[in-house]
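Q: First, the structure itself, so that you have it in front of you.
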Amino acid sequence: MVGLPAMRWRTPLLCSLTLAGLACATPAAPPAPAPVAADAPGPLGSDCARRVCVRATLVEGGAGQLDVELSVPDAALPAGAKVVQFPFFAEPFKAAPEGYVAFISQGEGPFSEQVEPLPGGRRLRYRVALEHAAKDPAHGLDEVPHRTAQGWLLVGRAFIPLIKVDGVVQEGLPTELRLEVGERPLVTLAGEEAGDARVGTLGGLAHALYYVGPHHERVVRQGATIVRILSQDYDAAGLEPLAELVQRSLREAERALGPAPHRTRLVIYDKQPLGFAGGVIGGDITLMSSTPPSASGLSPVGAVVVHELSHLWLTADQPWLSEGFNTYLELIFGIKVDGADEARIQQEILRAYAKYQANASGAGPVRGAAGLHAYTGGAMVAFCLDARLEGAGSSVPDVLRVALVEDGGGTTVARFHEALTAVSAPAAAYLDALLDQAEPLDFGTCLSDAGFDQELETYDGFTLRSLVVDVLQITGFSPQRAEVFRVKDGSVFQVGDVIRRVAGQDILLVPEIDGALAHVKPGAAVEVEVERAGKAVKLTLPVPKLDPKARESHRRLKLRAKSRPLRPAP
Ligand SMILES: [Zn+2]
C-alpha cells in the first residue's frame with residue numbers, strides 16, 4: 001500500500017455498515033488509499049466535473065451485486081467545505097433468521113481505503129451485495145433490493161450514500177446516476193432522464209425505487225394524480241383489482257380531502273412464495289405477496305396502498321398527525337372502498353383498538369410518540385376526535401380539508417389546531433387533552449361518542465400457543481395475515497393456506513380465531529374457509545378437548561350500533 005501524506009487526508013469517513021461492526025468513523029490511523037491514478041478523475045458522465053456522479057453496474061451471478069463508483073467534485077460542494085463524510089443508510093431487513101441484516105457489504109478490504117482524494121474532488125468505489133434474497137427468499141423484502149421474475153427491484157439508498165459536509169447532510173446536491181443494468185428496461189420516477197442516466201438531487205435519487213426488467217403497466221389517473229402500477233409477474237388483467245383499489249382510494253380521498261395533487265407514484269406488485277412484504281420508498285410502494293392483487297382496501301396489502309395514497313394529501317410535522325391520522329384515514333377510506341357493512345366496520349374498529357392496546361401500555365402520551373405508538377395511538381385519537389366532532393356537525397376530514405396546504409403541501413400541527421379551533425374550541429381542547437394524557441385512552445367514551453353500545457364478554461379461550469399448535473395444528477404463520485407457513489402432520493391446513501373464515505366469522509389474523517371459537521364446544525368441529533392456490537376451499541376443523549392449562553379466560557369487547565352507524569367520512 002502506498003500511503004498518502006497525512007495532511008492530504010481530510011475526509012474522515014462516516015458510514016453505518018452495522019453488519020460487520022465496521023468502524024467507519026474518523027479513522028484512527030491514516031488509511032492508505034490508492035495513489036492518485038493517471039486516469040483520475042475520469043469523467044463518468046456528461047457533467048461530472050460540476051456535480052456528484054454515481055455509476056452503478058449490476059453484476060449478475062450469485063445473489064447479485066452492484067459495483068459502484070461515486071465521484072464528488074469539490075465544485076459540487078458548498079464553498080469552503082472542510083470535512084466530507086459519506087453516511088450510508090443502514091438498511092436492515094427484518095425477518096431473516098439472524099435478525100437484522102444490513103445489505104451493503106464492505107467488499108474487499110476495509111471500506112475506508114476505497115476513498116481516493118483526487119485533484120479537485122474525491123472518489124469512492126464500493127460493492128453492494130444483494131444477498132438478502134439468497135439468505136431468506138420468503139421474507140425480508142421490505143425496502144431492500146431483490147431479484148424479481150425477470151430483473152431486479154433496486155432501492156436507491158442501498159447504493160447511494162448521503163453526503164455530509166461539515167456535519168450537515170446535503171440532500172440537495174445536483175447528482176447524476178448512471179445505472180448499468182444491461183439491455184433491460186429501467187423504470188424510476190427519480191430525476192430527469194438523460195440517456196441512460198438520471199439527473200436529480202442526491203436525496204431524490206437515493207430515496208427512489210429502480211425497477212429493472214420487462215414488465216406490465218397499468219396507469220390510473222384521478223385528477224392531477226397519476227399512479228403507475230407495474231409488475232413483472234402479473235399482466236394488465238391480473239393488475240386490474242389493484243387498479244380498481246387505487247382508483248377508488250384516490251376518489252374517496254379526493255372526496256374527503258379535496259383535489260388530488262399533482263404527483264406521480266409507482267406501485268410495484270410481484271409474487272413471492274409465502275407471506276407478504278410491503279415497503280415504501282419516498283412515496284412509491286413496493287409489494288410482494290404470495291396472493292394476487294386484491295381490490296380490498298381493508299386487506300393487509302390493500303391497507304398499505306390506501307395508507308400511502310392518502311399521504312399524497314396528508315403529511316405533517318409530527319408523527320401523531322402525519323402517521324396516526326393517516327392510519328385513521330386508511331381505515332375510513334378502506335371502509336368506504338370496500339363498502340363494508342356494519343359488522344365489518346365494528347370488526348375493523350376493534351382491530352384498530354387491539355393494535356393500539358398492544359403498543360399503548362407504558363408508552364406515554366401520543367403527542368411525543370414515535371414508531372408504532374404514533375400510528376396506532378394517533379389513529380385512536382383521530383377516531384375519538386372524529387366521534388366528538390360529529391356533535392359539532394364536522395369531522396376530522398372536514399378539518400383536514402381546511403388545514404391542508406393546496407396540491408399536496410400537507411399540513412402542520414399548528415395549522416390543524418387552528419382549523420379545529422375555528423370549528424369547535426372545546427374539540428380543540430379535547431384533542432390536546434387526548435394527546436397529552438400519559439395513561440391509555442378511555443376508548444369506551446369514544447365508542448359511546450361514536451354511537452356504539454358496548455359489552456365486555458368473558459369466555460374460555462385458548463392460549464395462543466395452544467390455539468396454534470393444538471387446535472390449528474400449525475407451527476408457523478404470518479403475523480400480518482392468517483397465512484400458514486408450517487404445519488404439523490395431520491393438520492387440515494397446507495403451507496400457503498390463508499385462513500379467511502372460521503365458524504362463520506371473518507378472520508384476518510391468527511389470534512382472532514380464538515374469539516371465533518369462543519362458543520364452540522370442545523370435541524365439536526367447525527367449518528373453516530381458506531384461500532388455497534387462489535381458490536376458496538372449505539375445511540372441517542375438529543376442536544380438541546384440551547387440558548385446562550391450555551385454556552385461559554379471555555375478554556372481548558363487543559359492539560352494537562346504538563342510534564346511528566359510524567359516519568367515517570363525508
Ligand atoms: Zn405513513
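As shown in the C-alpha cells, the chain order sets the letters A, B, ...; within each chain, residues go from 1, and ligands are also counted from 1 in the order they appear.
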Please, which residues have at least one atom within 10 Å of an atom of ligand 1, using only C-alpha atoms and all ligand atoms, listed as a list in words?

A: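 I would give the residues around ligand 1 as Val280, Gly283, Val304, Val306, His307, Glu308, Leu309, Ser310, His311, Leu314, Thr315, Pro319, Ser322, Glu323, Gly324, Phe325, Asn326, Thr327, Glu330 and Tyr375 of chain A.
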
Q: Please run DSSP on the backbone and report, as number ranges by chain, all residues within segment 151-362 of chain A that come out as strand (DSSP E or B).

A: A: 152-155, 164-165, 168-169, 174-181, 183, 186-187, 192-194, 197-201, 209-212, 216-222, 225-231, 263-271, 276-281, 284-289

Q: At a cut-off of 7 Å, using only C-alpha atoms, what residues contact Gly64 of chain A? Leave out same-chain residues fewer than 2 positions from it and give the result as number ranges by chain.

A: A: 59-62, 129-131

Q: Would you kindly return, as an NGL selection string, each protein, DNA or RNA residue with an atom no farther than 7 Å from any atom of Glu69 of chain A, considering only C-alpha atoms and excluding same-chain residues fewer than 3 positions away?

A: :A and (54-56 or 124-126)

Q: Using only N, CA and C atoms, please write the residues we just selected to a file, as a PDB file, in the first residue's frame.

A:
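Result file is result_33.pdb:
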ATOM      1  N   VAL A  54     -22.759   9.145  -9.880  1.00  0.00           N
ATOM      2  CA  VAL A  54     -22.794   7.775  -9.364  1.00  0.00           C
ATOM      3  C   VAL A  54     -22.925   6.846 -10.557  1.00  0.00           C
ATOM      4  N   ARG A  55     -21.992   5.916 -10.672  1.00  0.00           N
ATOM      5  CA  ARG A  55     -22.157   4.911 -11.719  1.00  0.00           C
ATOM      6  C   ARG A  55     -22.250   3.552 -11.033  1.00  0.00           C
ATOM      7  N   ALA A  56     -23.398   2.893 -11.212  1.00  0.00           N
ATOM      8  CA  ALA A  56     -23.612   1.592 -10.575  1.00  0.00           C
ATOM      9  C   ALA A  56     -23.813   0.554 -11.659  1.00  0.00           C
ATOM     10  N   LEU A 124     -15.161   7.393  -4.471  1.00  0.00           N
ATOM     11  CA  LEU A 124     -15.309   6.154  -3.703  1.00  0.00           C
ATOM     12  C   LEU A 124     -15.651   5.036  -4.674  1.00  0.00           C
ATOM     13  N   ARG A 125     -15.090   3.872  -4.385  1.00  0.00           N
ATOM     14  CA  ARG A 125     -15.525   2.682  -5.110  1.00  0.00           C
ATOM     15  C   ARG A 125     -15.970   1.681  -4.063  1.00  0.00           C
ATOM     16  N   TYR A 126     -17.112   1.082  -4.269  1.00  0.00           N
ATOM     17  CA  TYR A 126     -17.586   0.095  -3.304  1.00  0.00           C
ATOM     18  C   TYR A 126     -18.507  -0.885  -3.987  1.00  0.00           C
TER      19      TYR A 126
END

Q: Kindly indicate which residue among A:Leu250, A:Gly409, A:Phe333, A:Arg481 lies nearest to Ser299 of chain A, using only C-alpha atoms for the distances.

A: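 With only C-alpha atoms as the atom set, the closest residue is A:Arg481.
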
Q: Can you pull out every residue within 12 Å of Thr201 of chain A, counting only C-alpha atoms, but drop anything in the same chain fewer than 4 positions away, and send it as a list in words?

A: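 Result of the neighbour search: Arg51, Val52, Cys53, Val54, Ala76, Gly156, Ile160, Leu162, Ile163, Gln170, Glu171, Gly172, Leu173, Pro174, Thr175, Glu176, Leu177, Ala190, Gly191, Glu192, Leu205, Ala206, His207 and Ala208 of chain A.
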
Q: Counting only C-alpha atoms, what is within 8 Å of Arg228 of chain A, bar same-chain residues fewer than 6 positions away, as a list in words?

A: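 My reading of the contact set: Glu217, Arg218, Val219, Val220, Thr264, Arg265, Leu266 and Val267 of chain A.
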
Q: Got a sec to tell me which of segment 345-465 of chain A DSSP assigns to alpha helix (DSSP H), as JSON, numbers by chain?

A: {"A": [345, 346, 347, 348, 349, 350, 351, 352, 353, 354, 355, 356, 357, 358, 359, 360, 371, 372, 373, 374, 375, 376, 377, 378, 379, 380, 381, 382, 383, 384, 385, 386, 387, 388, 389, 390, 396, 397, 398, 399, 400, 401, 402, 403, 413, 414, 415, 416, 417, 418, 419, 420, 421, 422, 423, 425, 426, 427, 428, 429, 430, 431, 432, 433, 434, 435, 436, 443, 444, 445, 446, 447, 448, 449, 464, 465]}

Q: Which of these residues is nearest to Leu287 of chain A, using only C-alpha atoms: A:Ala237, A:Ile229, A:Leu509, A:Ala243?

A: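 Answer, going by the shortest atom-to-atom distance: A:Ile229.
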
Q: Have a look at A:Asp270, A:Asp341, A:Glu348, A:Asp460 and name the one nearest to Ala550 of chain A; count only C-alpha atoms.

A: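 Using only C-alpha atoms, Ala550 of chain A sits closest to A:Asp460.
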
Q: At what distance in Å, to one decimal, does atom CA of Ala403 of chain A lie from atom CA of Lys336 of chain A?

A: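 Interatomic distance here is 22.4 Å.
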
Q: Would you mind telling me which residue in A:Gly151, A:Gly182, A:Pro241, A:Gly167 lies nearest to Gly213 of chain A when using only C-alpha atoms?

A: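 Smallest separation from Gly213 of chain A among the options: A:Gly151.
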
Q: Atom CA of Glu457 of chain A to atom CA of Arg556 of chain A: how many Å, to one decimal?

A: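 Taking atom CA of Glu457 of chain A as the start and atom CA of Arg556 of chain A as the end point, the length is 5.3 Å.
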
Q: Go through A:Gln65, A:Gln222, A:Gln318, A:Ser231 one by one, measure the shortest atom-to-atom distance of each to Thr411 of chain A using only C-alpha atoms, and give the residue with the smallest value.

A: A:Gln318
